Amino acid sequence: MKTFLKLALTALAVVVLSNILPGVTVNGYGTAFIVALVIAILNMFVRPLLIFFTLPATIVTLGLFLFAINAFIILMADKLVNGFAVSGFLTALFFSILLSIFRSALFQLLKDDRKS
């Protein structure tokens, strides 16, 4: 149940960000949920491999290269999901940063509700 709620909150963040950022389009709420699911799967399997293979670049940039990895994950989700489009790398970078901020804020609200 908690995983489904996190996916739903991520889908909500994807919809909100598609309305805020001009280069991001999502066809509907169902597509946003699929995008959230694909991003979760990519973060689970592909992101650790990318981090491992780009470890020297991540160390040299003091971790800032992780933003590029997150943007690449968003671009991969763009290619995998029909109905989700990101116009370019910079848009994917801004989208990934804002998505991380929105998700952490929404998940923090979820934690506060659990404590009550």
# chains A, B, ... in the order shown; residues from 1 in each chain; ligands from 1
call {"tool": "residues_around", "arguments": {"residues": "Phe84 in chain A", "least_positions_apart": "3", "cutoff": "8 Å", "atoms": "only C-alpha atoms", "output": "list in words"}}
result
Val24, Thr25, Val26, Asn27, Thr31, Ala32, Val35, Ala77, Asp78 and Val81 of chain A
call {"tool": "write_last_selection", "arguments": {"atoms": "C-alpha atoms", "output": "PDB file, in the first residue's frame"}}
result
ATOM      1  CA  VAL A  24       7.423  18.553 -20.527  1.00  0.00           C
ATOM      2  CA  THR A  25       4.140  17.049 -21.709  1.00  0.00           C
ATOM      3  CA  VAL A  26       2.065  14.241 -20.227  1.00  0.00           C
ATOM      4  CA  ASN A  27      -1.089  13.028 -21.975  1.00  0.00           C
ATOM      5  CA  THR A  31       0.361   8.150 -18.422  1.00  0.00           C
ATOM      6  CA  ALA A  32       1.741  10.017 -15.408  1.00  0.00           C
ATOM      7  CA  VAL A  35       5.899   7.418 -15.981  1.00  0.00           C
ATOM      8  CA  ALA A  77      11.596   7.335 -19.402  1.00  0.00           C
ATOM      9  CA  ASP A  78      10.732   9.738 -22.228  1.00  0.00           C
ATOM     10  CA  VAL A  81       6.645   5.808 -22.337  1.00  0.00           C
TER      11      VAL A  81
END
call {"tool": "residues_around", "arguments": {"residues": "Leu99 in chain A", "least_positions_apart": "2", "cutoff": "9 Å", "atoms": "only C-alpha atoms", "output": "number ranges by chain"}}
result
A: 10, 13-14, 17, 94-97, 101-104
call {"tool": "write_last_selection", "arguments": {"atoms": "C-alpha atoms", "output": "compact mmCIF listing (two decimals), in the first residue's frame"}}
result
# COMPACT_ATOMS: atom_id res chain seq x y z
CA THR A 10 5.07 10.75 -7.85
CA ALA A 13 4.20 15.48 -9.06
CA VAL A 14 4.75 14.53 -12.72
CA LEU A 17 5.57 19.59 -13.22
CA PHE A 94 15.21 20.85 -14.32
CA PHE A 95 12.43 18.26 -14.29
CA SER A 96 14.54 15.77 -12.30
CA ILE A 97 15.59 18.42 -9.76
CA ILE A 101 12.10 18.33 -4.41
CA PHE A 102 8.38 17.63 -4.88
CA ARG A 103 8.77 13.96 -4.00
CA SER A 104 10.75 14.68 -0.84
call {"tool": "atom_distance", "arguments": {"atom1": "CA of Gly88 in chain A", "atom2": "CA of Leu64 in chain A"}}
result
18.8 Å
call {"tool": "residues_around", "arguments": {"residues": "Tyr29 in chain A", "least_positions_apart": "6", "cutoff": "8 Å", "atoms": "only C-alpha atoms", "output": "JSON, numbers by chain"}}
result
{"A": [11, 12, 15]}
call {"tool": "atom_distance", "arguments": {"atom1": "CA of Ala71 in chain A", "atom2": "CA of Thr91 in chain A"}}
result
8.3 Å
call {"tool": "select_by_dssp", "arguments": {"residues": "chain A", "states": "helix (DSSP H, G or I)", "output": "ChimeraX atom specification"}}
result
/A:2-20,29-53,55-60,65-80,89-115
call {"tool": "closest_residue", "arguments": {"among": "A:Ile73, A:Phe65, A:Pro22, A:Ala57", "to": "Ala40 in chain A", "atoms": "only C-alpha atoms"}}
result
A:Ile73
call {"tool": "residues_around", "arguments": {"residues": "Leu75 in chain A", "least_positions_apart": "5", "cutoff": "10 Å", "atoms": "only C-alpha atoms", "output": "list in words"}}
result
Ile39, Ile69, Asn70, Leu80, Phe84, Ala85, Val86, Ser87, Gly88, Phe89, Thr91, Ala92, Leu93 and Ser96 of chain A
call {"tool": "write_last_selection", "arguments": {"atoms": "N, CA and C atoms", "output": "mmCIF file, in the first residue's frame"}}
result
data_model
loop_
_atom_site.group_PDB
_atom_site.id
_atom_site.type_symbol
_atom_site.label_atom_id
_atom_site.label_comp_id
_atom_site.auth_asym_id
_atom_site.auth_seq_id
_atom_site.Cartn_x
_atom_site.Cartn_y
_atom_site.Cartn_z
ATOM 1 N N ILE A 39 10.021 5.363 -13.989
ATOM 2 C CA ILE A 39 11.113 6.052 -13.298
ATOM 3 C C ILE A 39 11.547 5.250 -12.074
ATOM 4 N N ILE A 69 22.981 12.110 -14.273
ATOM 5 C CA ILE A 69 22.437 10.748 -14.286
ATOM 6 C C ILE A 69 20.923 10.781 -14.117
ATOM 7 N N ASN A 70 20.435 11.628 -13.211
ATOM 8 C CA ASN A 70 18.982 11.756 -13.020
ATOM 9 C C ASN A 70 18.308 12.260 -14.290
ATOM 10 N N LEU A 80 10.780 5.497 -23.318
ATOM 11 C CA LEU A 80 10.061 4.253 -23.033
ATOM 12 C C LEU A 80 8.553 4.415 -22.934
ATOM 13 N N PHE A 84 4.541 10.710 -22.965
ATOM 14 C CA PHE A 84 5.397 11.511 -22.081
ATOM 15 C C PHE A 84 6.542 12.018 -22.928
ATOM 16 N N ALA A 85 6.728 13.337 -22.943
ATOM 17 C CA ALA A 85 7.772 13.923 -23.780
ATOM 18 C C ALA A 85 8.527 14.992 -23.006
ATOM 19 N N VAL A 86 9.838 14.961 -23.147
ATOM 20 C CA VAL A 86 10.729 15.970 -22.571
ATOM 21 C C VAL A 86 11.526 16.539 -23.731
ATOM 22 N N SER A 87 11.592 17.871 -23.819
ATOM 23 C CA SER A 87 12.148 18.495 -25.016
ATOM 24 C C SER A 87 13.666 18.394 -25.133
ATOM 25 N N GLY A 88 14.394 18.294 -24.030
ATOM 26 C CA GLY A 88 15.842 18.231 -24.133
ATOM 27 C C GLY A 88 16.497 17.924 -22.813
ATOM 28 N N PHE A 89 17.837 17.947 -22.828
ATOM 29 C CA PHE A 89 18.587 17.576 -21.633
ATOM 30 C C PHE A 89 18.381 18.572 -20.498
ATOM 31 N N THR A 91 15.855 20.574 -19.949
ATOM 32 C CA THR A 91 14.504 20.404 -19.421
ATOM 33 C C THR A 91 14.426 19.171 -18.534
ATOM 34 N N ALA A 92 15.069 18.080 -18.965
ATOM 35 C CA ALA A 92 15.106 16.859 -18.152
ATOM 36 C C ALA A 92 15.843 17.109 -16.845
ATOM 37 N N LEU A 93 16.905 17.925 -16.889
ATOM 38 C CA LEU A 93 17.649 18.255 -15.677
ATOM 39 C C LEU A 93 16.784 19.028 -14.699
ATOM 40 N N SER A 96 14.068 16.730 -13.314
ATOM 41 C CA SER A 96 14.541 15.773 -12.304
ATOM 42 C C SER A 96 14.804 16.466 -10.970
#
call {"tool": "closest_residue", "arguments": {"among": "A:Leu9, A:Ala36, A:Ile74, A:Met1", "to": "Ala105 in chain A", "atoms": "only C-alpha atoms"}}
result
A:Leu9
call {"tool": "select_by_dssp", "arguments": {"residues": "chain A", "states": "strand (DSSP E or B)", "output": "list in words"}}
result
Val24, Thr25, Val26, Phe84, Ala85 and Val86 of chain A
call {"tool": "write_last_selection", "arguments": {"atoms": "C-alpha atoms", "output": "compact mmCIF listing (two decimals), in the first residue's frame"}}
result
# COMPACT_ATOMS: atom_id res chain seq x y z
CA VAL A 24 7.42 18.55 -20.53
CA THR A 25 4.14 17.05 -21.71
CA VAL A 26 2.07 14.24 -20.23
CA PHE A 84 5.40 11.51 -22.08
CA ALA A 85 7.77 13.92 -23.78
CA VAL A 86 10.73 15.97 -22.57
call {"tool": "atom_distance", "arguments": {"atom1": "CA of Ala8 in chain A", "atom2": "CA of Leu110 in chain A"}}
result
11.9 Å
call {"tool": "closest_residue", "arguments": {"among": "A:Leu66, A:Ile20, A:Leu98, A:Leu5", "to": "Pro48 in chain A", "atoms": "only C-alpha atoms"}}
result
A:Leu66
